[in-house]
>>> print(open('structure.cif').read())   # mmCIF, C-alpha atoms and all ligand atoms
data_input
#
loop_
_atom_site.label_atom_id
_atom_site.label_comp_id
_atom_site.auth_asym_id
_atom_site.auth_seq_id
_atom_site.Cartn_x
_atom_site.Cartn_y
_atom_site.Cartn_z
CA MET R 1 12.24 -22.80 5.04
CA ALA R 2 13.77 -19.51 3.91
CA ILE R 3 15.84 -19.25 7.08
CA GLU R 4 17.47 -22.65 6.39
CA LEU R 5 18.37 -21.55 2.87
CA ALA R 6 19.73 -18.22 4.11
CA LYS R 7 21.87 -20.10 6.63
CA ARG R 8 23.56 -21.88 3.75
CA VAL R 9 24.67 -18.47 2.47
CA LEU R 10 26.05 -17.59 5.90
CA ASP R 11 27.77 -20.97 6.18
CA ARG R 12 29.46 -20.66 2.84
CA LEU R 13 30.75 -17.15 3.57
CA GLU R 14 32.02 -18.23 7.02
CA GLU R 15 33.67 -21.36 5.62
CA HIS R 16 35.68 -19.10 3.34
CA GLY R 17 36.88 -16.98 6.22
CA PHE R 18 34.35 -14.13 6.06
CA GLU R 19 31.94 -12.84 8.68
CA ALA R 20 28.27 -12.97 7.76
CA TYR R 21 25.04 -12.08 9.59
CA TYR R 22 21.32 -11.85 9.18
CA VAL R 23 20.60 -8.14 9.54
CA GLY R 24 17.91 -5.46 9.79
CA GLY R 25 14.19 -6.08 9.46
CA CYS R 26 14.44 -9.87 9.50
CA VAL R 27 16.21 -9.90 12.88
CA ARG R 28 13.70 -7.43 14.28
CA ASP R 29 10.72 -9.44 13.04
CA TRP R 30 12.24 -12.74 14.14
CA LEU R 31 12.75 -11.43 17.70
CA LEU R 32 9.21 -10.04 17.73
CA GLN R 33 7.90 -13.38 16.44
CA ARG R 34 6.37 -11.68 13.43
CA PRO R 35 6.42 -13.25 9.98
CA VAL R 36 9.80 -12.64 8.32
CA HIS R 37 9.30 -11.65 4.69
CA ASP R 38 12.75 -10.85 3.34
CA ILE R 39 16.05 -11.98 4.77
CA ASP R 40 18.96 -9.57 4.30
CA ILE R 41 22.53 -10.64 4.93
CA CYS R 42 25.55 -8.44 5.63
CA THR R 43 29.18 -9.52 5.38
CA ASN R 44 32.73 -8.24 5.34
CA ALA R 45 33.22 -10.06 2.03
CA HIS R 46 33.46 -7.63 -0.87
CA PRO R 47 30.98 -7.95 -3.74
CA GLY R 48 33.68 -9.59 -5.89
CA ASP R 49 34.10 -12.32 -3.25
CA VAL R 50 30.37 -12.84 -3.00
CA ILE R 51 30.06 -13.17 -6.76
CA ARG R 52 32.90 -15.69 -6.79
CA LEU R 53 31.40 -17.80 -4.01
CA PHE R 54 27.88 -17.81 -5.43
CA PRO R 55 27.79 -18.44 -9.17
CA ASP R 56 23.99 -18.18 -9.09
CA HIS R 57 23.67 -14.47 -8.37
CA VAL R 58 22.33 -11.18 -9.68
CA PRO R 59 24.50 -8.07 -9.21
CA THR R 60 21.54 -5.97 -8.00
CA GLY R 61 23.37 -2.99 -6.55
CA LEU R 62 27.10 -3.44 -6.91
CA LYS R 63 27.74 0.27 -6.39
CA HIS R 64 26.17 -0.04 -2.95
CA GLY R 65 27.76 -3.41 -2.27
CA THR R 66 24.69 -5.56 -2.84
CA VAL R 67 24.63 -8.89 -4.64
CA SER R 68 21.46 -10.99 -4.72
CA VAL R 69 22.27 -14.63 -4.20
CA LYS R 70 19.95 -17.40 -5.28
CA VAL R 71 19.55 -20.59 -3.25
CA GLU R 72 17.01 -23.10 -4.51
CA GLY R 73 15.05 -20.38 -6.25
CA GLN R 74 15.02 -18.07 -3.23
CA MET R 75 16.85 -14.72 -3.44
CA PHE R 76 18.82 -13.18 -0.59
CA GLU R 77 20.43 -9.75 -0.66
CA VAL R 78 24.03 -9.95 0.50
CA THR R 79 25.51 -6.53 1.23
CA THR R 80 29.07 -5.70 2.15
CA PHE R 81 29.49 -3.82 5.47
CA ARG R 82 29.44 -0.17 4.54
CA THR R 83 29.16 3.34 5.85
CA GLU R 84 27.55 6.10 3.94
CA GLY R 85 29.24 9.32 2.84
CA LYS R 86 27.60 12.75 2.77
CA TYR R 87 23.91 12.69 1.97
CA GLU R 88 22.49 14.41 -1.08
CA ASP R 89 18.99 15.81 -1.38
CA TYR R 90 17.99 14.65 2.13
CA ARG R 91 17.70 11.10 0.87
CA ARG R 92 20.64 9.28 -0.72
CA PRO R 93 24.30 9.16 0.24
CA ALA R 94 26.55 10.49 -2.51
CA GLU R 95 28.82 7.50 -2.06
CA VAL R 96 29.31 4.48 0.17
CA GLN R 97 32.54 3.12 1.65
CA PHE R 98 33.05 -0.54 2.39
CA VAL R 99 34.23 -1.14 5.94
CA SER R 100 35.42 -4.17 7.83
CA GLU R 101 33.43 -3.78 11.07
CA LEU R 102 29.87 -4.88 11.64
CA ARG R 103 29.26 -2.10 14.14
CA LEU R 104 29.92 0.59 11.55
CA ASP R 105 27.41 -1.04 9.23
CA LEU R 106 24.78 -1.16 11.97
CA GLU R 107 25.45 2.48 12.84
CA ARG R 108 24.22 3.73 9.45
CA ARG R 109 20.81 2.11 9.93
CA ASP R 110 17.75 4.14 10.90
CA PHE R 111 16.25 2.78 14.13
CA THR R 112 17.75 0.70 16.93
CA MET R 113 15.36 -2.16 16.23
CA ASN R 114 16.61 -2.22 12.61
CA ALA R 115 20.27 -2.02 13.66
CA MET R 116 20.71 -5.57 14.96
CA ALA R 117 22.50 -8.50 13.38
CA MET R 118 22.45 -12.19 14.21
CA ASP R 119 25.05 -14.78 13.31
CA ARG R 120 24.40 -18.32 12.13
CA ASN R 121 24.43 -19.60 15.72
CA GLN R 122 21.74 -17.09 16.61
CA VAL R 123 24.06 -14.88 18.65
CA LEU R 124 22.65 -11.35 18.60
CA HIS R 125 24.80 -8.28 17.89
CA ASP R 126 22.90 -5.31 19.19
CA PRO R 127 25.24 -2.38 19.93
CA PHE R 128 22.48 0.25 20.14
CA GLY R 129 20.05 -1.52 22.47
CA GLY R 130 17.44 -2.39 19.86
CA ARG R 131 16.22 -5.40 21.79
CA GLU R 132 15.62 -3.38 24.94
CA ASP R 133 13.86 -0.65 22.98
CA MET R 134 11.60 -3.30 21.49
CA GLU R 135 10.86 -4.62 24.96
CA HIS R 136 9.83 -1.07 25.91
CA ARG R 137 7.86 -0.86 22.65
CA MET R 138 9.88 2.10 21.51
CA VAL R 139 11.04 3.42 18.13
CA ARG R 140 14.40 5.14 18.68
CA ALA R 141 16.76 6.60 16.10
CA VAL R 142 20.33 5.29 16.06
CA GLY R 143 22.79 8.03 17.13
CA ILE R 144 21.74 11.70 17.08
CA PRO R 145 18.14 11.74 15.84
CA LEU R 146 18.27 15.22 14.32
CA GLU R 147 21.26 14.28 12.17
CA ARG R 148 19.72 11.01 11.10
CA PHE R 149 16.55 12.67 9.82
CA GLN R 150 18.53 15.44 8.16
CA GLU R 151 20.55 12.81 6.29
CA ASP R 152 17.48 11.02 4.99
CA ALA R 153 14.04 12.49 5.55
CA LEU R 154 12.25 9.32 4.43
CA ARG R 155 13.20 7.95 7.86
CA LEU R 156 10.58 10.30 9.35
CA LEU R 157 7.80 8.35 7.70
CA ARG R 158 9.50 5.01 8.25
CA GLY R 159 9.45 5.80 11.97
CA VAL R 160 5.72 6.52 11.88
CA ARG R 161 5.13 3.38 9.86
CA PHE R 162 7.03 1.11 12.27
CA ALA R 163 5.17 2.64 15.23
CA SER R 164 1.91 1.86 13.44
CA GLN R 165 2.87 -1.65 12.39
CA LEU R 166 4.09 -2.61 15.84
CA GLY R 167 1.86 -0.39 17.99
CA PHE R 168 5.03 1.21 19.45
CA ALA R 169 5.61 4.72 20.80
CA ILE R 170 8.33 7.05 19.54
CA GLU R 171 11.11 7.82 21.99
CA ASP R 172 11.11 11.46 23.19
CA GLN R 173 14.32 12.73 21.57
CA THR R 174 13.44 10.96 18.34
CA MET R 175 9.99 12.54 18.43
CA LEU R 176 11.40 16.00 19.06
CA ALA R 177 13.77 15.63 16.12
CA MET R 178 10.90 14.45 13.93
CA LYS R 179 8.95 17.62 14.69
CA GLN R 180 12.00 19.76 13.99
CA THR R 181 12.85 18.12 10.68
CA ALA R 182 9.29 17.58 9.43
CA PRO R 183 9.57 20.21 6.64
CA LEU R 184 12.38 18.16 5.04
CA LEU R 185 9.82 15.64 3.90
CA ALA R 186 8.99 18.06 1.09
CA HIS R 187 12.28 16.96 -0.54
CA ILE R 188 11.27 13.30 -0.74
CA ALA R 189 9.77 11.77 -3.88
CA VAL R 190 6.03 11.56 -3.43
CA GLU R 191 5.98 7.92 -4.55
CA ARG R 192 8.12 6.98 -1.53
CA ILE R 193 5.87 9.01 0.73
CA ARG R 194 2.77 7.32 -0.64
CA GLU R 195 4.35 3.91 -0.14
CA GLU R 196 5.02 4.63 3.54
CA LEU R 197 1.56 6.13 4.07
CA ASN R 198 0.03 3.03 2.48
CA LYS R 199 2.00 0.76 4.81
CA THR R 200 0.92 2.94 7.75
CA LEU R 201 -2.75 2.71 6.80
CA ASP R 202 -2.44 -1.00 6.17
CA SER R 203 -0.86 -1.65 9.56
CA LYS R 204 -2.12 -3.19 12.76
CA ALA R 205 -2.64 0.19 14.45
CA PRO R 206 -3.31 2.83 11.75
CA GLU R 207 -4.65 5.17 14.43
CA VAL R 208 -1.16 5.31 15.95
CA GLY R 209 0.21 6.43 12.59
CA CYS R 210 -2.57 8.99 12.07
CA GLN R 211 -2.04 10.41 15.55
CA LEU R 212 1.72 10.65 14.99
CA LEU R 213 1.27 12.32 11.62
CA ASN R 214 -0.86 14.95 13.34
CA GLU R 215 1.46 15.40 16.26
CA THR R 216 4.65 15.70 14.20
CA LYS R 217 3.02 17.70 11.40
CA LEU R 218 5.02 15.61 8.95
CA MET R 219 2.55 16.20 6.13
CA ALA R 220 2.18 19.95 6.79
CA TYR R 221 3.82 20.68 3.44
CA ALA R 222 0.78 19.05 1.78
CA PRO R 223 -2.22 20.47 3.70
CA GLY R 224 -4.74 18.63 1.53
CA VAL R 225 -3.23 15.31 2.59
CA GLU R 226 -2.48 16.31 6.18
CA LYS R 227 -6.13 16.99 6.93
CA LEU R 228 -7.02 13.38 6.15
CA PHE R 229 -5.29 12.04 9.23
CA VAL R 230 -7.43 13.96 11.71
CA LEU R 231 -9.81 11.13 12.44
CA SER R 232 -12.67 10.76 14.88
CA ASN R 233 -12.75 7.61 17.02
CA GLU R 234 -15.65 6.42 14.98
CA HIS R 235 -13.65 6.60 11.75
CA VAL R 236 -10.66 4.91 13.38
CA TRP R 237 -12.97 2.05 14.27
CA ARG R 238 -14.13 1.92 10.66
CA LEU R 239 -10.59 1.94 9.33
CA HIS R 240 -9.92 -1.23 11.30
CA HIS R 241 -12.73 -3.03 9.53
CA LEU R 242 -11.64 -2.25 6.00
CA GLU R 243 -9.72 -4.63 3.79
CA SER R 244 -7.96 -2.75 1.02
CA ILE R 245 -5.92 0.39 0.75
CA THR R 246 -8.42 1.68 -1.83
CA GLN R 247 -11.20 1.42 0.73
CA LYS R 248 -9.05 3.08 3.38
CA TRP R 249 -8.14 6.12 1.27
CA SER R 250 -11.79 6.44 0.23
CA LEU R 251 -12.90 6.44 3.85
CA LEU R 252 -10.32 9.08 4.83
CA LEU R 253 -11.33 11.33 1.94
CA PHE R 254 -15.00 10.91 2.65
CA ALA R 255 -14.51 11.46 6.39
CA ALA R 256 -12.71 14.72 5.59
CA ASN R 257 -15.75 15.79 3.57
CA TYR R 258 -13.80 15.85 0.34
CA SER R 259 -15.79 15.96 -2.88
CA PRO R 260 -14.85 13.52 -5.65
CA VAL R 261 -13.04 16.40 -7.37
CA GLN R 262 -10.99 17.23 -4.25
CA SER R 263 -10.34 13.54 -3.78
CA ARG R 264 -8.95 13.32 -7.28
CA GLU R 265 -6.56 16.17 -6.51
CA VAL R 266 -5.22 14.27 -3.49
CA CYS R 267 -4.80 11.04 -5.50
CA GLN R 268 -3.00 12.95 -8.22
CA PHE R 269 -0.80 14.75 -5.73
CA LEU R 270 0.23 11.37 -4.32
CA LYS R 271 0.77 10.11 -7.90
CA MET R 272 -1.50 7.14 -7.43
CA SER R 273 -2.06 5.05 -10.54
CA LYS R 274 -4.90 6.04 -12.83
CA ARG R 275 -6.71 2.86 -11.89
CA GLU R 276 -6.38 3.45 -8.15
CA THR R 277 -7.43 7.09 -8.55
CA GLU R 278 -10.54 6.13 -10.52
CA ALA R 279 -11.50 3.46 -7.99
CA ILE R 280 -11.06 5.79 -5.01
CA CYS R 281 -12.92 8.71 -6.59
CA CYS R 282 -15.74 6.42 -7.60
CA LEU R 283 -16.09 5.11 -4.04
CA VAL R 284 -16.07 8.63 -2.60
CA GLU R 285 -18.71 9.60 -5.14
CA LEU R 286 -20.91 6.63 -4.23
CA LEU R 287 -20.54 7.32 -0.50
CA THR R 288 -21.43 10.97 -1.03
CA ARG R 289 -24.37 10.08 -3.24
CA LEU R 290 -25.85 7.63 -0.76
CA GLN R 291 -25.17 9.60 2.39
CA PRO R 292 -28.54 11.44 2.50
CA GLN R 293 -30.36 8.10 2.58
CA TRP R 294 -28.43 6.55 5.42
CA ASP R 295 -30.99 7.11 8.10
CA VAL R 296 -33.68 5.42 6.07
CA PRO R 297 -33.60 1.64 6.35
CA GLN R 298 -33.75 0.59 2.74
CA SER R 299 -31.84 -1.80 0.59
CA ILE R 300 -29.44 -0.92 -2.16
CA GLU R 301 -30.35 -1.59 -5.76
CA TRP R 302 -27.08 -3.20 -6.74
CA GLY R 303 -28.13 -3.91 -10.34
CA PRO R 304 -27.95 -0.36 -11.76
CA LEU R 305 -24.82 0.29 -9.75
CA LEU R 306 -23.19 -2.85 -11.12
CA LEU R 307 -23.86 -1.67 -14.66
CA GLU R 308 -22.64 1.82 -13.85
CA VAL R 309 -19.35 1.12 -12.06
CA GLY R 310 -18.67 -2.60 -12.51
CA TRP R 311 -18.11 -5.52 -10.17
CA ASP R 312 -14.76 -4.51 -8.65
CA THR R 313 -15.91 -1.12 -7.41
CA CYS R 314 -19.25 -2.50 -6.22
CA ASN R 315 -17.42 -5.17 -4.31
CA GLU R 316 -15.19 -2.59 -2.58
CA PHE R 317 -18.24 -0.45 -1.92
CA ALA R 318 -20.17 -3.33 -0.36
CA ILE R 319 -17.28 -4.04 2.00
CA LEU R 320 -17.06 -0.35 2.89
CA LEU R 321 -20.76 -0.09 3.58
CA GLN R 322 -20.98 -3.23 5.59
CA ALA R 323 -17.84 -2.73 7.59
CA CYS R 324 -18.55 0.88 8.29
CA TRP R 325 -22.22 1.52 8.54
CA TRP R 326 -24.53 -1.35 8.02
CA LYS R 327 -23.09 -4.42 9.59
CA GLU R 328 -26.47 -5.43 10.88
CA ARG R 329 -28.42 -4.92 7.68
CA GLN R 330 -28.33 -7.98 5.50
CA SER R 331 -29.85 -6.15 2.56
CA PHE R 332 -26.59 -4.21 2.17
CA SER R 333 -24.42 -7.22 2.54
CA LYS R 334 -21.87 -8.56 0.15
CA GLN R 335 -24.05 -11.63 -0.26
CA ALA R 336 -26.88 -9.43 -1.55
CA LEU R 337 -24.45 -7.99 -4.08
CA ILE R 338 -23.26 -11.44 -5.17
CA ASP R 339 -26.85 -12.69 -5.52
CA GLN R 340 -27.77 -9.69 -7.63
CA TYR R 341 -24.65 -10.03 -9.77
CA GLU R 342 -25.25 -13.72 -10.39
CA SER R 343 -28.87 -13.17 -11.24
CA MET R 344 -28.00 -10.76 -14.04
CA PRO R 345 -28.05 -12.74 -17.31
CA VAL R 346 -25.71 -10.22 -18.95
CA LYS R 347 -23.16 -8.11 -17.15
CA THR R 348 -21.34 -5.99 -19.72
CA LEU R 349 -21.84 -4.82 -23.30
CA LYS R 350 -19.65 -7.71 -24.44
CA ASP R 351 -22.26 -10.19 -23.19
CA LEU R 352 -24.99 -8.80 -25.45
CA ALA R 353 -26.02 -11.03 -28.34
CA ILE R 354 -25.40 -8.19 -30.80
CA THR R 355 -22.56 -5.77 -31.43
CA GLY R 356 -22.58 -2.13 -32.48
CA LEU R 357 -21.87 -3.22 -36.02
CA ASP R 358 -24.87 -5.59 -36.01
CA LEU R 359 -27.01 -2.67 -34.86
CA GLN R 360 -25.76 -0.39 -37.58
CA VAL R 361 -26.41 -3.01 -40.27
CA ALA R 362 -29.90 -3.82 -38.93
CA ILE R 363 -30.94 -0.19 -38.57
CA GLN R 364 -29.13 1.23 -41.58
CA LYS R 365 -28.17 4.47 -39.91
CA LYS R 366 -24.89 6.39 -39.98
CA PRO R 367 -22.58 5.39 -37.12
CA GLY R 368 -22.62 7.81 -34.22
CA GLU R 369 -23.14 8.15 -30.50
CA TRP R 370 -26.57 6.61 -30.82
CA ILE R 371 -24.98 3.16 -31.02
CA VAL R 372 -23.52 3.31 -27.50
CA HIS R 373 -26.71 4.82 -26.08
CA VAL R 374 -28.86 2.09 -27.61
CA LEU R 375 -26.45 -0.68 -26.55
CA GLU R 376 -26.42 0.62 -22.98
CA SER R 377 -30.18 0.76 -22.92
CA LEU R 378 -30.34 -2.82 -24.25
CA LEU R 379 -27.89 -3.90 -21.58
CA ARG R 380 -30.02 -2.38 -18.81
CA GLN R 381 -33.14 -4.05 -20.14
CA THR R 382 -31.57 -7.49 -20.55
CA ALA R 383 -29.61 -7.34 -17.31
CA LEU R 384 -32.36 -6.00 -15.10
CA HIS R 385 -35.74 -6.14 -16.81
CA GLY R 386 -36.05 -9.51 -18.48
CA LEU R 387 -35.51 -8.59 -22.14
CA PRO R 388 -34.33 -11.83 -23.81
CA ASN R 389 -30.71 -11.68 -24.94
CA THR R 390 -31.33 -12.80 -28.53
CA PRO R 391 -30.40 -10.87 -31.68
CA GLU R 392 -34.04 -10.73 -32.81
CA ALA R 393 -35.40 -9.35 -29.51
CA LEU R 394 -32.56 -6.85 -29.16
CA VAL R 395 -32.85 -5.54 -32.73
CA GLU R 396 -36.60 -5.15 -32.36
CA VAL R 397 -36.28 -3.03 -29.21
CA ALA R 398 -33.39 -1.08 -30.73
CA LYS R 399 -35.46 -0.21 -33.80
CA LYS R 400 -38.26 1.09 -31.60
CA GLU R 401 -35.88 3.22 -29.55
CA VAL R 402 -34.22 4.72 -32.61
CA ALA R 403 -37.62 5.45 -34.20
CA GLN R 404 -38.78 7.12 -30.97
CA ASP R 405 -35.65 9.24 -30.82
CA GLU R 406 -36.15 10.41 -34.37
CA HIS R 407 -39.66 11.69 -33.62
P1 LIG J 501 10.11 -4.01 6.02
O1 LIG J 501 10.88 -4.80 5.00
O2 LIG J 501 9.34 -4.81 6.99
O3 LIG J 501 9.32 -2.92 5.40
P2 LIG J 501 12.72 -3.27 6.89
O4 LIG J 501 13.23 -2.66 8.18
O5 LIG J 501 13.24 -4.62 6.56
O6 LIG J 501 11.15 -3.25 6.96
P3 LIG J 501 13.80 -2.46 4.40
O7 LIG J 501 13.44 -1.27 3.58
O8 LIG J 501 13.61 -3.82 3.89
O9 LIG J 501 13.03 -2.25 5.77
O10 LIG J 501 15.32 -2.24 4.81
C1 LIG J 501 16.13 -3.23 5.41
C2 LIG J 501 17.05 -2.60 6.44
O11 LIG J 501 17.85 -1.58 5.84
C3 LIG J 501 16.31 -1.90 7.58
O12 LIG J 501 15.93 -2.78 8.59
C4 LIG J 501 17.35 -0.90 8.04
O13 LIG J 501 18.33 -1.51 8.83
C5 LIG J 501 18.00 -0.48 6.74
N1 LIG J 501 17.32 0.69 6.14
C6 LIG J 501 16.33 0.69 5.22
N2 LIG J 501 15.97 1.93 4.87
C7 LIG J 501 16.76 2.75 5.60
C8 LIG J 501 16.89 4.17 5.68
N3 LIG J 501 16.12 4.97 4.97
N4 LIG J 501 17.83 4.66 6.51
C9 LIG J 501 18.63 3.84 7.23
N5 LIG J 501 18.56 2.51 7.22
C10 LIG J 501 17.63 1.96 6.39
MG MG J 502 12.81 -5.64 4.73
#
>>> encode(input="structure.cif", output="C-alpha cells")
Amino acid sequence: MAIELAKRVLDRLEEHGFEAYYVGGCVRDWLLQRPVHDIDICTNAHPGDVIRLFPDHVPTGLKHGTVSVKVEGQMFEVTTFRTEGKYEDYRRPAEVQFVSELRLDLERRDFTMNAMAMDRNQVLHDPFGGREDMEHRMVRAVGIPLERFQEDALRLLRGVRFASQLGFAIEDQTMLAMKQTAPLLAHIAVERIREELNKTLDSKAPEVGCQLLNETKLMAYAPGVEKLFVLSNEHVWRLHHLESITQKWSLLLFAANYSPVQSREVCQFLKMSKRETEAICCLVELLTRLQPQWDVPQSIEWGPLLLEVGWDTCNEFAILLQACWWKERQSFSKQALIDQYESMPVKTLKDLAITGLDLQVAIQKKPGEWIVHVLESLLRQTALHGLPNTPEALVEVAKKEVAQDEH
C-alpha cells in the first residue's frame, strides 16, 4: 500500500529529529474517503537533509524545496516547509523561503481543504478549518480570497474544478472574489486552463462546474469557449453518460451549434493536440451531418463511416449516439458497430492484397493521384461489396476503372 510506504518516509525523517506530515490533496481525499492518487509529504528538513537521508531520490524541484524520494519503486514528493515571496505574472512566486513552521506552509495553499496536514499517527493539523468546510461541502480560500486569486489566477479554475469533483458549493466571500478577479485568468497559460477545464468536465458533477463558470464569468476573456458552458438540462444529462473528454468537448461544441470550422478554432485556442482536435472536429462533423435524420428511425451504415474516419472515431461516435440520443435503438449500438467492423474482410488500404506500386506495374501508367483513388475504390468494394481480396481480382477491377476514367 502506498500509504505504508509513505509512512516509512515520515518515520525516517522523524527518527532523525525532523517533523514530517502527509499534506494537501492526499489528506483531503483520505478524509473524504476518496481514492488517494499521489501522496505529498512536507517537512522542516531542508532538501540537503532529505537527499542525505534518502539515497534513492530525484531532485525534482530543489529550487522550490522538492525532492522526490523512491521507496520500493514508488515516488513521493518531499517538500520543505516554505512560504512564497511576491508573485509574478499572476501565477508563480518569484522566490520561495524555507520556514520552520508547518502553519506557514499550510497558509500558502489555495483552499482550506487543501491546507491540512496529518502526521504519522494520523493526528490532523487543520489551522484553517478545512475539515469543517468539507463537512459543509464548501470550497473556501485560505486567508483573504481576493489576495489569493490575485497571487495566482489558476486557483480560480482549481476552485471550480474541486467544486465539480466533489459536488461542493463555493463559499460566499470566495465566490465574490472569484467574480472580481475573473479577468486575471487571461494571464494564465492556456494549457493550464485546458487541463483544469478537462478535469472539470471529467468530474462527478460537471454541471456544477459549468454553472460556476457561467456565474463567475471566468472564461469571459475567451467568448468562444465561454459559450460552451451554457448547457440545457438535457445536455447536462448527456454529459453524464459520456466516457471520454473527446466526446464531452464534441457534445459541448455541437450543443452550442458550432460548425466543425468553429469547433476547430476552439480546439486550437485551447491548444489541444492535433490528434485531439481532429477527433473532436470529426465527431462534431458527424453529429451535424446526421442531425437532420434523427427523427427518422433508421439504422446507421457503419461500413462507409468506418472506411471514412476509422475505428477510433466511429467507436467514440457510437458511444456518443447511444449515450445521448438512441439508447433504446439497438441498430445504433456499439455492438452493431463491432459486428460491422468484424464482418469487413479488409479494413484499411494496408489490408489490400496489392499496393500502389503493384497497381502501377500492372497498369503501366505514370504515377499520380489516380493510384489513391483506385485503391480507395478497391477498398470499398472489398470491404463492403464482396470483391475478393486477391491480386488478380483487384487488378482486373482496377484496369476496368482506369479504362473507364480514360474514356
Ligand atoms: P489533485 O492532485 O487531486 O488534482 P491536489 O489538491 O492534490 O489535487 P496538486 O496540484 O497535486 O492538487 O497540489 C498538491 C497541493 O499543493 C494542493 O493540495 C495544495 O495544497 C497545493 N497547491 C497546488 N496548487 C496550488 C496553487 N495553485 N496555489 C496554492 N496551493 C496549491
Ligand atoms: Mg495531488
>>> closest_residue(input="structure.cif", among="R:Ile39, R:Leu394, R:Leu307, R:Val58", to="ligand MG 502 (chain J)", atoms="all atoms listed in the file")
R:Ile39
>>> closest_residue(input="structure.cif", among="R:Ser250, R:Gln74, R:Thr200, R:Ser377", to="ligand LIG 501 (chain J)", atoms="all atoms listed in the file")
R:Thr200
>>> residues_near_ligand(input="structure.cif", ligand="ligand MG 502 (chain J)", cutoff="10 Å", atoms="all atoms listed in the file", output="count of residues only")
13
>>> residues_near_ligand(input="structure.cif", ligand="ligand LIG 501 (chain J)", cutoff="10 Å", atoms="only C-alpha atoms and all ligand atoms", output="VMD selection string")
chain R and resid 23 to 29 34 to 41 77 84 91 to 92 105 to 117 141 to 142 148 to 149 151 to 159 161 to 162 165 196 199
>>> write_last_selection(input="structure.cif", atoms="C-alpha atoms", output="short mmCIF file (atom, residue, chain, number, x, y, z; two decimals), keeping the file's coordinate frame")
data_model
loop_
_atom_site.label_atom_id
_atom_site.label_comp_id
_atom_site.auth_asym_id
_atom_site.auth_seq_id
_atom_site.Cartn_x
_atom_site.Cartn_y
_atom_site.Cartn_z
CA VAL R 23 20.60 -8.14 9.54
CA GLY R 24 17.91 -5.46 9.79
CA GLY R 25 14.19 -6.08 9.46
CA CYS R 26 14.44 -9.87 9.50
CA VAL R 27 16.21 -9.90 12.88
CA ARG R 28 13.70 -7.43 14.28
CA ASP R 29 10.72 -9.44 13.04
CA ARG R 34 6.37 -11.68 13.43
CA PRO R 35 6.42 -13.25 9.98
CA VAL R 36 9.80 -12.64 8.32
CA HIS R 37 9.30 -11.65 4.69
CA ASP R 38 12.75 -10.85 3.34
CA ILE R 39 16.05 -11.98 4.77
CA ASP R 40 18.96 -9.57 4.30
CA ILE R 41 22.53 -10.64 4.93
CA GLU R 77 20.43 -9.75 -0.66
CA GLU R 84 27.55 6.10 3.94
CA ARG R 91 17.70 11.10 0.87
CA ARG R 92 20.64 9.28 -0.72
CA ASP R 105 27.41 -1.04 9.23
CA LEU R 106 24.78 -1.16 11.97
CA GLU R 107 25.45 2.48 12.84
CA ARG R 108 24.22 3.73 9.45
CA ARG R 109 20.81 2.11 9.93
CA ASP R 110 17.75 4.14 10.90
CA PHE R 111 16.25 2.78 14.13
CA THR R 112 17.75 0.70 16.93
CA MET R 113 15.36 -2.16 16.23
CA ASN R 114 16.61 -2.22 12.61
CA ALA R 115 20.27 -2.02 13.66
CA MET R 116 20.71 -5.57 14.96
CA ALA R 117 22.50 -8.50 13.38
CA ALA R 141 16.76 6.60 16.10
CA VAL R 142 20.33 5.29 16.06
CA ARG R 148 19.72 11.01 11.10
CA PHE R 149 16.55 12.67 9.82
CA GLU R 151 20.55 12.81 6.29
CA ASP R 152 17.48 11.02 4.99
CA ALA R 153 14.04 12.49 5.55
CA LEU R 154 12.25 9.32 4.43
CA ARG R 155 13.20 7.95 7.86
CA LEU R 156 10.58 10.30 9.35
CA LEU R 157 7.80 8.35 7.70
CA ARG R 158 9.50 5.01 8.25
CA GLY R 159 9.45 5.80 11.97
CA ARG R 161 5.13 3.38 9.86
CA PHE R 162 7.03 1.11 12.27
CA GLN R 165 2.87 -1.65 12.39
CA GLU R 196 5.02 4.63 3.54
CA LYS R 199 2.00 0.76 4.81
#
>>> residues_around(input="structure.cif", residues="R:Ile363", least_positions_apart="3", cutoff="10 Å", atoms="all atoms listed in the file", output="list in words")
Leu357, Asp358, Leu359, Gln360, Lys366, Val395, Glu396, Ala398, Lys399, Val402 and Ala403 of chain R
>>> residues_around(input="structure.cif", residues="R:Ala177", least_positions_apart="3", cutoff="8 Å", atoms="all atoms listed in the file", output="list in words")
Pro145, Leu146, Phe149, Gln173, Thr174, Gln180 and Thr181 of chain R
>>> residues_around(input="structure.cif", residues="R:Leu283", least_positions_apart="3", cutoff="7 Å", atoms="only C-alpha atoms", output="JSON, numbers by chain")
{"R": [250, 279, 280, 286, 287, 317]}
>>> closest_residue(input="structure.cif", among="R:Ala255, R:Leu242, R:Phe269, R:Val208", to="R:Glu316", atoms="all atoms listed in the file")
R:Leu242
>>> atom_distance(input="structure.cif", atom1="atom CA of R:Ala220", atom2="atom CA of R:Asp133")
28.7 Å
>>> residues_around(input="structure.cif", residues="stretch 302-304 of chain R", least_positions_apart="4", cutoff="10 Å", atoms="all atoms listed in the file", output="list in words")
Glu308, Val309, Gly310, Trp311, Cys314, Ala318, Phe332, Ala336, Leu337, Ile338, Asp339, Gln340, Tyr341, Ser343, Met344, Lys347, Arg380, Ala383 and Leu384 of chain R
>>> closest_residue(input="structure.cif", among="R:Leu10, R:Leu321, R:Leu176, R:Leu349", to="R:Val372", atoms="only C-alpha atoms")
R:Leu349
>>> closest_residue(input="structure.cif", among="R:Glu285, R:Phe76, R:Gly167, R:Leu231", to="R:Glu4", atoms="only C-alpha atoms")
R:Phe76
